[in-house]
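Asks: The structure under discussion is supplied below as structure tokens; questions concerning it will follow.
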Amino acid sequence: MQAILHVNNLKTYYYAGNRVVPAVDGVSFTLSRGEVLGIVGESGCGKSTVARSVTGLFDRSYTRIEGGEVLFDGMDLTRQSAKTLNRIRGKKISMIFQNPLTSLNPVYTVADQITEVLLLHEGMNRRQARERALELLTMVGIPEPKARLDDFPHQLSGGMQQRVLIAIALACNPQLVIADEPTTALDVTIQAQILRLMDNIRTQFDMGMLLITHNMGVVAEMCDRVLVMYGGVVVEEADPLQLFDAPLHPYTRGLLAAIPSIEAQKETLYTIPGTVPRFSHPVTCCRFADRCPHCAGHCRTQEPPLFRTGDGRGVRCWNYLSEKEEPSQ
Amino acid sequence: MTAKTPLIELRDLQKHYRINKGIFGHRTRGTVKAVDSISLSIAPEETLGLIGESGCGKSTLSRVLLGLTPATGGEVLYDGRPVNRRTLPQFRREAQMIFQDPYSSLDPRMNIEDIIGEPLRVHTRLDRKARRDVILPLLEQVGLSEDALSKYPHEFSGGQRQRIGIARALVLEPRFIVCDEPVSALDMSIQAQILNLFAEMKKTRRLTCLFISHDMSVVKHISDRIAVMYLGHIVELAEKEELFRNTLHPYTAALMNAIPVPNPALRRKIEPLPGDLPSPIDPPPGCPFQTRCAAAQERCRREMPALNELLPGHFAACHFCKGGVGA
């Protein structure tokens, strides 16, 4: 598979007064064409910040990319001007956000919002753009697309709004789509429709997809590979079968055990004690140490690196080192 | 379970909202039947799960049940007696609610002692010191320390706030609790903590609960029986194991099929239910699910199916599902 996005040791920090929050603290991954890479984690783990750093969509008054690179299409996106990024965003990289109603502009019609990208990036005239918009609406499965073109967002249901957002994201045949919690605001039957649609599109257009979610079910259904994030770092990397079958990191194990199951009746649920702590730069311990049942001495004095296992997985835990004979990093 | 007198019984409970038009709102444009003739009973110490998608009327049902919104028809029986103006104060004391959003359900200008103590102030004559004697052990039971008393809601995380909400609901030692999506706003690892705390409280205090959620796995975990709601109607009701093993209503089946399963080995092609929830304003006659149902026939467009007991203890409202009259 052809790799389209390399993220190397990305560090994005937030500055709040005299505190430095390492929201993303050294994240690396590669995304190929036709692949769905999932980033899963709880709120505050930095998963959305990764997405926003890749596209440069963050508030520069308190956010800075402190290191690393985002290689896309032969350039480092972290070093590009706003003008260059504007030519890439919406054309080669597009985003689907969580809340469809706030992502759409309430005072413009559906047609206006889809044609905007086409007029801007594809040099179409209005008539061509409107035709293409109609095509896109049909493709994302909106019933009576012709009548919907001149609707305003509030006239559509949540699922239809999300379909419009997907149509906008696909308008210019992007190579990479970043979907940040695309179905979190939707009901389960609608979520199933949207996941199905996204899966079809991914196959049809052979694009890479970065899927950010907190829902382990969505990860299991959609992703080819998964990064589990905690406290700004990747704590585990695996393909979903490996991850759900035999999670290596204690955090991943805890998360999976904490989900109530439909098949089996658990008397009490496993819980990860405590809450997600807030970190300040620099971090000099394992970020999960305070909540970890296996925490040992050096977990509190030194942060573990992401150990690579033989079968292409990664785990950020000192105990993995002591359990296995030879680390490869 | 059905032999005992139910603690809570709803008889043809209705909440219809009129939609008015005209500048004076004097003409009625339509009616939203948010809750349409629902009859249910909850046995003592039973937890009834209520599941449905947004807009199906599950929150309205809970509000009407507790008398937070007046019903437009039907009645609520508590311990065999109808809830009316005379019995409402006692009902209010013994029936409490835990809300979905731990941020907006706690007054930001009250400290935790005042928040948890407020029900005591309203319903009892205890003085401040006596109230504290009640609050302190409760605070410990929900997993908070004594120094929380003088703090304000913004100093707590979402999970801790939900613990405060639980303490407030339990402070009057209620018999009945309505939980409206109590864990939906919480992160995965915190959700499990709160569910466990809730299960423990339920057991030690022998509570009767109505547990509302849109998350099937959460409802399954916590409930004894499950009611599935669609567009203001209960479409299926059964013991939870029975509901999952022997699903009767096509909507329940679709709902279960749509849930992403956290097990990639079971990855399947989801066959999503087509279409959206239809507008609840003046729905067409017949079955509320007819617009999305693959098995819908002429009769479904004419005639509203009643909620019938098709198998022992298993109710479904469908003309054509297994064991139904039409099957």
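To be explicit about the labels: the chains of the structure tokens are called A, B, and onward in the order shown, and within each one the residues are counted from 1, while ligands get numbers from 1 in the order they are shown.
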Taking 3 positions as the minimum chain separation for residues in the same chain, which residues sit within 8 Å of region 137-140 of chain B when counting only C-alpha atoms? Answer as a list in words.

Replies: Asp133, Val134, Gly143, Leu144, Ser145, Glu146, Ile164, Ala167 and Val171 of chain B

Asks: Could you save those same residues with C-alpha atoms as a JSON list (two decimals), in the first residue's frame?

Replies:
```json
[["chain", "number", "residue", "atom", "x", "y", "z"],
["B", 133, "ASP", "CA", -24.87, 14.11, 59.93],
["B", 134, "VAL", "CA", -26.98, 12.65, 57.13],
["B", 143, "GLY", "CA", -16.83, 7.81, 47.00],
["B", 144, "LEU", "CA", -16.20, 11.44, 47.88],
["B", 145, "SER", "CA", -14.24, 12.78, 50.83],
["B", 146, "GLU", "CA", -15.41, 15.13, 53.55],
["B", 164, "ILE", "CA", -22.78, 14.25, 43.77],
["B", 167, "ALA", "CA", -25.88, 11.51, 46.59],
["B", 171, "VAL", "CA", -30.31, 11.77, 50.58]]
```

Asks: With the cut-off set at 8 Å and counting only C-alpha atoms, tabulate each residue of chain B with an atom at most that distance from an atom of chain A, showing the nearest atom pair and its distance in Å to one decimal, ordered by chain and increasing number, as CSV.

Replies:
```
residue,atom,partner,partner_atom,distance
B:Glu53,CA,A:Asp187,CA,5.8
B:Ser54,CA,A:Asp187,CA,6.8
B:Asp187,CA,A:Glu42,CA,5.8
B:Met188,CA,A:Glu42,CA,6.9
B:Ser189,CA,A:Ile272,CA,5.8
B:Ile190,CA,A:Thr275,CA,7.3
B:Ala192,CA,A:Ala258,CA,5.5
B:Gln193,CA,A:Thr271,CA,5.7
B:Leu195,CA,A:Leu269,CA,7.8
B:Asn196,CA,A:Thr268,CA,6.0
B:His214,CA,A:Asp187,CA,7.9
B:Met216,CA,A:Ile262,CA,7.6
B:Ser217,CA,A:Ile262,CA,5.1
B:Val218,CA,A:Pro260,CA,6.0
B:Lys220,CA,A:Ile262,CA,6.6
B:His221,CA,A:Pro260,CA,6.1
B:Ala254,CA,A:Thr189,CA,7.4
B:Leu255,CA,A:Thr189,CA,6.2
B:Ala258,CA,A:Ala192,CA,5.4
B:Ile259,CA,A:Val188,CA,6.1
B:Pro260,CA,A:Gly217,CA,4.4
B:Val261,CA,A:Gly217,CA,4.7
B:Pro262,CA,A:Gly217,CA,3.9
B:Asn263,CA,A:Ala220,CA,5.6
B:Pro264,CA,A:Ala220,CA,4.4
B:Ala265,CA,A:Leu241,CA,6.5
B:Arg267,CA,A:Glu221,CA,5.6
B:Arg268,CA,A:Glu221,CA,7.7
B:Ile270,CA,A:Ala192,CA,6.9
B:Glu271,CA,A:Ala192,CA,8.0
B:Pro272,CA,A:Gln193,CA,5.3
B:Leu273,CA,A:Thr189,CA,6.2
B:Pro274,CA,A:Gln193,CA,7.7
B:Asp276,CA,A:Ile190,CA,7.3
```

Asks: Include C-alpha atoms and write out the residues we just selected as a CSV table (one decimal), in the first residue's frame.

Replies:
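Listed below is the output, again-v4.csv:
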```
chain,number,residue,atom,x,y,z
B,53,GLU,CA,-33.5,6.9,20.0
B,54,SER,CA,-33.6,10.7,20.5
B,187,ASP,CA,-15.9,8.8,29.5
B,188,MET,CA,-15.6,5.0,29.2
B,189,SER,CA,-13.4,4.4,32.3
B,190,ILE,CA,-15.6,6.7,34.4
B,192,ALA,CA,-17.9,1.8,34.6
B,193,GLN,CA,-17.2,3.4,38.0
B,195,LEU,CA,-22.5,2.1,36.9
B,196,ASN,CA,-20.9,0.0,39.6
B,214,HIS,CA,-29.9,5.0,24.4
B,216,MET,CA,-28.2,-1.0,24.7
B,217,SER,CA,-25.2,-2.5,26.5
B,218,VAL,CA,-25.6,-0.2,29.5
B,220,LYS,CA,-28.7,-4.6,29.5
B,221,HIS,CA,-26.1,-4.4,32.2
B,254,ALA,CA,-32.8,-3.3,13.9
B,255,LEU,CA,-31.7,-1.4,17.0
B,258,ALA,CA,-27.1,-1.3,14.5
B,259,ILE,CA,-24.9,-1.4,17.6
B,260,PRO,CA,-21.2,-1.6,16.7
B,261,VAL,CA,-19.9,-4.6,18.5
B,262,PRO,CA,-16.5,-4.2,20.3
B,263,ASN,CA,-15.2,-7.4,18.7
B,264,PRO,CA,-13.6,-7.2,15.3
B,265,ALA,CA,-13.8,-11.0,14.9
B,267,ARG,CA,-17.3,-7.7,12.0
B,268,ARG,CA,-20.2,-8.0,9.7
B,270,ILE,CA,-24.4,-4.0,9.0
B,271,GLU,CA,-27.7,-3.8,7.2
B,272,PRO,CA,-28.7,-0.3,8.4
B,273,LEU,CA,-32.4,0.5,9.0
B,274,PRO,CA,-33.4,2.9,6.1
B,276,ASP,CA,-34.9,8.7,9.7
```

Asks: With only C-alpha atoms as the atoms that count, which of A:Gln98, A:Thr55, A:Gln113, A:Asn200 lies nearest to Ala185 (chain A)?

Replies: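 Checking each of A:Gln98, A:Thr55, A:Gln113, A:Asn200 against Ala185 (chain A), counting only C-alpha atoms, the winner is A:Gln98.
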
Asks: Quick one: pick out all strand (DSSP E) residues within region 124-316 of chain B from a backbone DSSP run and write them as a PyMOL selection string.

Replies: chain B and resi 176-180+208-213+225-230+233-239+308-311+314-316

Asks: Just the selected residues (N, CA and C atoms), exported as a compact mmCIF listing (two decimals), in the first residue's frame, please.

Replies:
```txt
# COMPACT_ATOMS: atom_id res chain seq x y z
N PHE B 176 -37.94 5.07 44.91
CA PHE B 176 -37.98 4.99 43.46
C PHE B 176 -37.05 6.05 42.86
N ILE B 177 -36.27 5.63 41.86
CA ILE B 177 -35.33 6.57 41.24
C ILE B 177 -35.48 6.50 39.73
N VAL B 178 -35.53 7.66 39.11
CA VAL B 178 -35.49 7.71 37.65
C VAL B 178 -34.10 8.18 37.25
N CYS B 179 -33.43 7.42 36.41
CA CYS B 179 -32.11 7.82 35.93
C CYS B 179 -32.24 8.11 34.45
N ASP B 180 -32.07 9.37 34.08
CA ASP B 180 -32.20 9.74 32.68
C ASP B 180 -30.81 9.85 32.07
N THR B 208 -36.12 0.83 43.57
CA THR B 208 -36.83 0.53 42.33
C THR B 208 -36.41 1.61 41.34
N CYS B 209 -36.10 1.20 40.11
CA CYS B 209 -35.55 2.19 39.18
C CYS B 209 -36.19 2.16 37.82
N LEU B 210 -36.26 3.34 37.22
CA LEU B 210 -36.51 3.43 35.79
C LEU B 210 -35.20 3.96 35.21
N PHE B 211 -34.55 3.17 34.37
CA PHE B 211 -33.23 3.53 33.87
C PHE B 211 -33.34 3.82 32.37
N ILE B 212 -33.16 5.09 32.02
CA ILE B 212 -33.33 5.49 30.62
C ILE B 212 -31.98 5.63 29.95
N SER B 213 -31.83 5.05 28.78
CA SER B 213 -30.57 5.22 28.06
C SER B 213 -30.79 4.95 26.60
N ARG B 225 -35.85 -5.79 33.43
CA ARG B 225 -36.68 -5.84 32.23
C ARG B 225 -36.35 -4.64 31.37
N ILE B 226 -36.62 -4.75 30.08
CA ILE B 226 -36.32 -3.65 29.16
C ILE B 226 -37.55 -3.31 28.34
N ALA B 227 -37.84 -2.01 28.26
CA ALA B 227 -38.91 -1.53 27.38
C ALA B 227 -38.27 -0.76 26.24
N VAL B 228 -38.69 -1.04 25.01
CA VAL B 228 -38.16 -0.33 23.85
C VAL B 228 -39.21 0.65 23.38
N MET B 229 -38.79 1.90 23.20
CA MET B 229 -39.75 2.95 22.88
C MET B 229 -39.48 3.49 21.48
N TYR B 230 -40.54 3.77 20.75
CA TYR B 230 -40.40 4.34 19.42
C TYR B 230 -41.55 5.30 19.18
N HIS B 233 -44.45 5.41 21.71
CA HIS B 233 -45.07 4.15 22.07
C HIS B 233 -44.04 3.16 22.59
N ILE B 234 -44.48 2.28 23.49
CA ILE B 234 -43.66 1.13 23.83
C ILE B 234 -43.90 0.08 22.74
N VAL B 235 -42.85 -0.35 22.06
CA VAL B 235 -43.06 -1.34 21.00
C VAL B 235 -42.72 -2.75 21.45
N GLU B 236 -41.85 -2.85 22.48
CA GLU B 236 -41.56 -4.19 22.98
C GLU B 236 -41.15 -4.09 24.44
N LEU B 237 -41.49 -5.11 25.21
CA LEU B 237 -41.20 -5.13 26.63
C LEU B 237 -41.01 -6.57 27.06
N ALA B 238 -39.85 -6.85 27.69
CA ALA B 238 -39.59 -8.22 28.12
C ALA B 238 -38.47 -8.24 29.14
N GLU B 239 -38.30 -9.37 29.80
CA GLU B 239 -37.12 -9.60 30.63
C GLU B 239 -35.91 -9.48 29.71
N ASN B 308 -49.31 -6.42 22.92
CA ASN B 308 -49.90 -7.68 23.40
C ASN B 308 -48.86 -8.59 24.00
N GLU B 309 -49.29 -9.40 24.94
CA GLU B 309 -48.40 -10.37 25.55
C GLU B 309 -48.34 -11.59 24.62
N LEU B 310 -47.30 -11.64 23.80
CA LEU B 310 -47.23 -12.69 22.79
C LEU B 310 -46.64 -13.97 23.35
N LEU B 311 -45.71 -13.79 24.29
CA LEU B 311 -45.15 -14.93 25.01
C LEU B 311 -45.27 -14.56 26.48
N HIS B 314 -43.62 -11.40 27.76
CA HIS B 314 -42.96 -10.74 26.63
C HIS B 314 -44.02 -10.06 25.76
N PHE B 315 -43.98 -8.72 25.77
CA PHE B 315 -44.99 -7.95 25.05
C PHE B 315 -44.38 -7.35 23.79
N ALA B 316 -45.16 -7.29 22.73
CA ALA B 316 -44.70 -6.58 21.53
C ALA B 316 -45.90 -5.99 20.83
```

Asks: So, counting only C-alpha atoms, which residue among B:Arg163, B:Arg175, B:Arg292, B:His249 is closest to Gln141 (chain B)?

Replies: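 Among the listed residues, the smallest separation from Gln141 (chain B) belongs to B:Arg163.
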
Asks: What are the DSSP alpha helix (DSSP H) residues of region 219-278 of chain A, as a PDB file with C-alpha atoms, in the first residue's frame?

Replies:
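What follows is the written file selection_19.pdb:
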```pdb
ATOM      1  CA  VAL A 219     -13.072   0.881  16.137  1.00  0.00           C
ATOM      2  CA  ALA A 220     -13.821  -2.826  15.903  1.00  0.00           C
ATOM      3  CA  GLU A 221     -16.212  -2.361  12.995  1.00  0.00           C
ATOM      4  CA  MET A 222     -14.263   0.138  10.912  1.00  0.00           C
ATOM      5  CA  PRO A 240      -8.064  -4.469  15.859  1.00  0.00           C
ATOM      6  CA  LEU A 241      -8.030  -8.261  15.966  1.00  0.00           C
ATOM      7  CA  GLN A 242      -4.850  -8.290  18.045  1.00  0.00           C
ATOM      8  CA  LEU A 243      -5.988  -5.372  20.169  1.00  0.00           C
ATOM      9  CA  PHE A 244      -9.338  -6.827  21.191  1.00  0.00           C
ATOM     10  CA  ASP A 245      -8.045 -10.359  21.436  1.00  0.00           C
ATOM     11  CA  PRO A 250      -2.905  -2.163  31.113  1.00  0.00           C
ATOM     12  CA  TYR A 251      -4.911   0.888  30.036  1.00  0.00           C
ATOM     13  CA  THR A 252      -6.254  -0.855  26.941  1.00  0.00           C
ATOM     14  CA  ARG A 253      -7.045  -3.939  28.978  1.00  0.00           C
ATOM     15  CA  GLY A 254      -8.900  -1.817  31.517  1.00  0.00           C
ATOM     16  CA  LEU A 255     -10.859   0.058  28.868  1.00  0.00           C
ATOM     17  CA  LEU A 256     -12.007  -3.109  27.170  1.00  0.00           C
ATOM     18  CA  ALA A 257     -12.952  -4.738  30.464  1.00  0.00           C
ATOM     19  CA  ALA A 258     -14.934  -1.665  31.521  1.00  0.00           C
TER      20      ALA A 258
END
```

Asks: Would you list the contacts of region 118-131 of chain A as a list in words, taking every protein, DNA or RNA residue within 7 Å and counting only C-alpha atoms, but skipping same-chain residues closer than 3 positions in sequence?

Replies: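 Neighbouring residues, sequence-local ones excluded: Lys91, Ala111, Thr115, Leu134, Glu135, Ala171 and Cys172 of chain A.
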
Asks: Find the spatial neighbours of region 304-307 of chain B, counting only C-alpha atoms, within a cut-off of 6 Å - ignore same-chain residues fewer than 6 positions away - and output them as a PDB file with N, CA and C atoms, in the first residue's frame.

Replies:
```
ATOM      1  N   GLY B 286     -51.994   4.052  12.009  1.00  0.00           N
ATOM      2  CA  GLY B 286     -51.342   2.753  11.885  1.00  0.00           C
ATOM      3  C   GLY B 286     -50.114   2.666  12.750  1.00  0.00           C
ATOM      4  N   CYS B 287     -49.254   1.715  12.422  1.00  0.00           N
ATOM      5  CA  CYS B 287     -48.070   1.428  13.215  1.00  0.00           C
ATOM      6  C   CYS B 287     -47.053   2.554  13.108  1.00  0.00           C
ATOM      7  N   PHE B 315     -43.981  -8.724  25.774  1.00  0.00           N
ATOM      8  CA  PHE B 315     -44.987  -7.954  25.053  1.00  0.00           C
ATOM      9  C   PHE B 315     -44.378  -7.352  23.794  1.00  0.00           C
ATOM     10  N   ALA B 316     -45.157  -7.287  22.726  1.00  0.00           N
ATOM     11  CA  ALA B 316     -44.701  -6.581  21.535  1.00  0.00           C
ATOM     12  C   ALA B 316     -45.899  -5.988  20.829  1.00  0.00           C
ATOM     13  N   ALA B 317     -45.665  -4.837  20.170  1.00  0.00           N
ATOM     14  CA  ALA B 317     -46.730  -4.171  19.443  1.00  0.00           C
ATOM     15  C   ALA B 317     -46.455  -4.303  17.954  1.00  0.00           C
ATOM     16  N   CYS B 318     -46.861  -5.424  17.375  1.00  0.00           N
ATOM     17  CA  CYS B 318     -46.638  -5.636  15.953  1.00  0.00           C
ATOM     18  C   CYS B 318     -47.687  -6.616  15.455  1.00  0.00           C
ATOM     19  N   HIS B 319     -48.240  -6.314  14.278  1.00  0.00           N
ATOM     20  CA  HIS B 319     -49.257  -7.214  13.730  1.00  0.00           C
ATOM     21  C   HIS B 319     -48.676  -8.545  13.282  1.00  0.00           C
TER      22      HIS B 319
END
```

Asks: Excluding same-chain residues fewer than 4 positions from Tyr13 (chain A), what lies within 9 Å of it counting only C-alpha atoms, as a VMD selection string?

Replies: chain A and resid 20 to 25 62 to 66 281

Asks: Emit the selected residues as a PDB file, in the first residue's frame, including N, CA and C atoms.

Replies:
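Written file, selection-v1.pdb:
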```pdb
ATOM      1  N   VAL A  20       2.450  24.489  30.850  1.00  0.00           N
ATOM      2  CA  VAL A  20       2.542  23.993  29.487  1.00  0.00           C
ATOM      3  C   VAL A  20       1.890  22.615  29.457  1.00  0.00           C
ATOM      4  N   VAL A  21       0.853  22.468  28.664  1.00  0.00           N
ATOM      5  CA  VAL A  21       0.131  21.200  28.612  1.00  0.00           C
ATOM      6  C   VAL A  21       0.557  20.426  27.360  1.00  0.00           C
ATOM      7  N   PRO A  22       1.222  19.287  27.566  1.00  0.00           N
ATOM      8  CA  PRO A  22       1.641  18.517  26.395  1.00  0.00           C
ATOM      9  C   PRO A  22       0.478  17.692  25.847  1.00  0.00           C
ATOM     10  N   ALA A  23      -0.391  18.343  25.073  1.00  0.00           N
ATOM     11  CA  ALA A  23      -1.618  17.686  24.592  1.00  0.00           C
ATOM     12  C   ALA A  23      -1.287  16.528  23.668  1.00  0.00           C
ATOM     13  N   VAL A  24      -0.292  16.749  22.795  1.00  0.00           N
ATOM     14  CA  VAL A  24       0.221  15.674  21.960  1.00  0.00           C
ATOM     15  C   VAL A  24       1.719  15.661  22.187  1.00  0.00           C
ATOM     16  N   ASP A  25       2.262  14.549  22.660  1.00  0.00           N
ATOM     17  CA  ASP A  25       3.647  14.559  23.116  1.00  0.00           C
ATOM     18  C   ASP A  25       4.451  13.434  22.462  1.00  0.00           C
ATOM     19  N   TYR A  62      -2.566  30.158  21.637  1.00  0.00           N
ATOM     20  CA  TYR A  62      -2.162  29.371  22.803  1.00  0.00           C
ATOM     21  C   TYR A  62      -1.670  27.972  22.440  1.00  0.00           C
ATOM     22  N   THR A  63      -1.578  27.689  21.153  1.00  0.00           N
ATOM     23  CA  THR A  63      -1.163  26.356  20.740  1.00  0.00           C
ATOM     24  C   THR A  63       0.082  26.468  19.877  1.00  0.00           C
ATOM     25  N   ARG A  64       1.038  25.602  20.133  1.00  0.00           N
ATOM     26  CA  ARG A  64       2.213  25.609  19.275  1.00  0.00           C
ATOM     27  C   ARG A  64       2.636  24.179  18.973  1.00  0.00           C
ATOM     28  N   ILE A  65       3.050  23.958  17.715  1.00  0.00           N
ATOM     29  CA  ILE A  65       3.654  22.673  17.400  1.00  0.00           C
ATOM     30  C   ILE A  65       5.115  22.777  17.797  1.00  0.00           C
ATOM     31  N   GLU A  66       5.503  22.002  18.793  1.00  0.00           N
ATOM     32  CA  GLU A  66       6.835  22.143  19.374  1.00  0.00           C
ATOM     33  C   GLU A  66       7.864  21.244  18.704  1.00  0.00           C
ATOM     34  N   HIS A 281       4.261  19.766  31.146  1.00  0.00           N
ATOM     35  CA  HIS A 281       5.538  19.454  30.525  1.00  0.00           C
ATOM     36  C   HIS A 281       6.663  19.798  31.492  1.00  0.00           C
TER      37      HIS A 281
END
```

Asks: With distances taken over only C-alpha atoms, which of A:Ile4, A:Arg89, A:Asp76, A:Tyr230 is nearest to Arg278 (chain A)?

Replies: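 Comparing A:Ile4, A:Arg89, A:Asp76, A:Tyr230 against Arg278 (chain A), the winner is A:Tyr230.
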
Asks: Residues near Val70 (chain A), anyone? I mean within 9 Å using only C-alpha atoms, not counting same-chain ones fewer than 4 positions away, as a PDB file with N, CA and C atoms, in the first residue's frame.

Replies:
```pdb
ATOM      1  N   LEU A   5       0.455   9.642   4.361  1.00  0.00           N
ATOM      2  CA  LEU A   5       0.686  10.577   5.463  1.00  0.00           C
ATOM      3  C   LEU A   5       1.654   9.956   6.458  1.00  0.00           C
ATOM      4  N   HIS A   6       2.736  10.690   6.747  1.00  0.00           N
ATOM      5  CA  HIS A   6       3.667  10.267   7.798  1.00  0.00           C
ATOM      6  C   HIS A   6       3.630  11.313   8.888  1.00  0.00           C
ATOM      7  N   VAL A   7       3.362  10.903  10.097  1.00  0.00           N
ATOM      8  CA  VAL A   7       3.471  11.833  11.215  1.00  0.00           C
ATOM      9  C   VAL A   7       4.623  11.333  12.067  1.00  0.00           C
ATOM     10  N   ASN A   8       5.636  12.181  12.251  1.00  0.00           N
ATOM     11  CA  ASN A   8       6.815  11.762  12.994  1.00  0.00           C
ATOM     12  C   ASN A   8       6.987  12.573  14.261  1.00  0.00           C
ATOM     13  N   ASN A   9       6.883  11.912  15.383  1.00  0.00           N
ATOM     14  CA  ASN A   9       7.186  12.522  16.670  1.00  0.00           C
ATOM     15  C   ASN A   9       6.524  13.885  16.864  1.00  0.00           C
ATOM     16  N   LEU A  10       5.275  13.966  16.516  1.00  0.00           N
ATOM     17  CA  LEU A  10       4.535  15.235  16.592  1.00  0.00           C
ATOM     18  C   LEU A  10       4.324  15.652  18.046  1.00  0.00           C
ATOM     19  N   SER A  53      -3.653  19.242  14.443  1.00  0.00           N
ATOM     20  CA  SER A  53      -2.269  19.573  14.123  1.00  0.00           C
ATOM     21  C   SER A  53      -1.947  19.185  12.681  1.00  0.00           C
ATOM     22  N   VAL A  54      -2.488  18.067  12.225  1.00  0.00           N
ATOM     23  CA  VAL A  54      -2.231  17.625  10.853  1.00  0.00           C
ATOM     24  C   VAL A  54      -2.749  18.664   9.874  1.00  0.00           C
ATOM     25  N   MET A  75       5.605  17.329   1.383  1.00  0.00           N
ATOM     26  CA  MET A  75       5.988  18.497   2.191  1.00  0.00           C
ATOM     27  C   MET A  75       5.618  18.311   3.652  1.00  0.00           C
ATOM     28  N   ASP A  76       6.276  19.122   4.495  1.00  0.00           N
ATOM     29  CA  ASP A  76       6.002  19.080   5.925  1.00  0.00           C
ATOM     30  C   ASP A  76       4.913  20.104   6.230  1.00  0.00           C
ATOM     31  N   LEU A  77       3.729  19.641   6.529  1.00  0.00           N
ATOM     32  CA  LEU A  77       2.597  20.542   6.708  1.00  0.00           C
ATOM     33  C   LEU A  77       2.775  21.496   7.883  1.00  0.00           C
ATOM     34  N   THR A  78       3.596  21.110   8.865  1.00  0.00           N
ATOM     35  CA  THR A  78       3.757  21.994  10.018  1.00  0.00           C
ATOM     36  C   THR A  78       4.528  23.258   9.649  1.00  0.00           C
ATOM     37  N   ARG A  79       5.211  23.226   8.501  1.00  0.00           N
ATOM     38  CA  ARG A  79       6.019  24.382   8.121  1.00  0.00           C
ATOM     39  C   ARG A  79       5.420  25.197   6.986  1.00  0.00           C
TER      40      ARG A  79
END
```

Asks: Excluding same-chain residues fewer than 6 positions from Thr102 (chain A), what lies within 12 Å of it counting only C-alpha atoms, as JSON, numbers by chain?

Replies: {"A": [96, 153, 154, 158, 161, 162, 165, 185]}

Asks: Please produce a file of those selected residues containing N, CA and C atoms, as an mmCIF file, in the first residue's frame.

Replies:
```cif
data_model
loop_
_atom_site.group_PDB
_atom_site.id
_atom_site.type_symbol
_atom_site.label_atom_id
_atom_site.label_comp_id
_atom_site.auth_asym_id
_atom_site.auth_seq_id
_atom_site.Cartn_x
_atom_site.Cartn_y
_atom_site.Cartn_z
ATOM 1 N N ILE A 96 -14.266 15.683 8.517
ATOM 2 C CA ILE A 96 -15.673 15.517 8.896
ATOM 3 C C ILE A 96 -15.710 15.679 10.415
ATOM 4 N N PRO A 153 -29.525 23.991 6.323
ATOM 5 C CA PRO A 153 -29.174 22.877 7.215
ATOM 6 C C PRO A 153 -30.247 22.521 8.233
ATOM 7 N N HIS A 154 -30.942 23.529 8.783
ATOM 8 C CA HIS A 154 -31.895 23.203 9.851
ATOM 9 C C HIS A 154 -33.081 22.410 9.340
ATOM 10 N N GLY A 158 -30.293 15.149 11.587
ATOM 11 C CA GLY A 158 -28.881 15.009 11.928
ATOM 12 C C GLY A 158 -28.123 14.093 10.981
ATOM 13 N N GLN A 161 -27.685 15.868 7.678
ATOM 14 C CA GLN A 161 -26.654 16.896 7.795
ATOM 15 C C GLN A 161 -25.276 16.264 7.717
ATOM 16 N N GLN A 162 -25.110 15.121 8.399
ATOM 17 C CA GLN A 162 -23.802 14.477 8.375
ATOM 18 C C GLN A 162 -23.480 13.992 6.960
ATOM 19 N N LEU A 165 -22.214 16.919 5.075
ATOM 20 C CA LEU A 165 -20.835 17.192 5.483
ATOM 21 C C LEU A 165 -19.872 16.228 4.783
ATOM 22 N N ALA A 185 -22.621 12.181 17.645
ATOM 23 C CA ALA A 185 -23.834 12.944 17.916
ATOM 24 C C ALA A 185 -25.076 12.272 17.344
#
```

Asks: Separation of CA of Ile212 (chain A) and CA of Asp59 (chain A), in Å?

Replies: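 Going from CA of Ile212 (chain A) over to CA of Asp59 (chain A), I get 19.9 Å.
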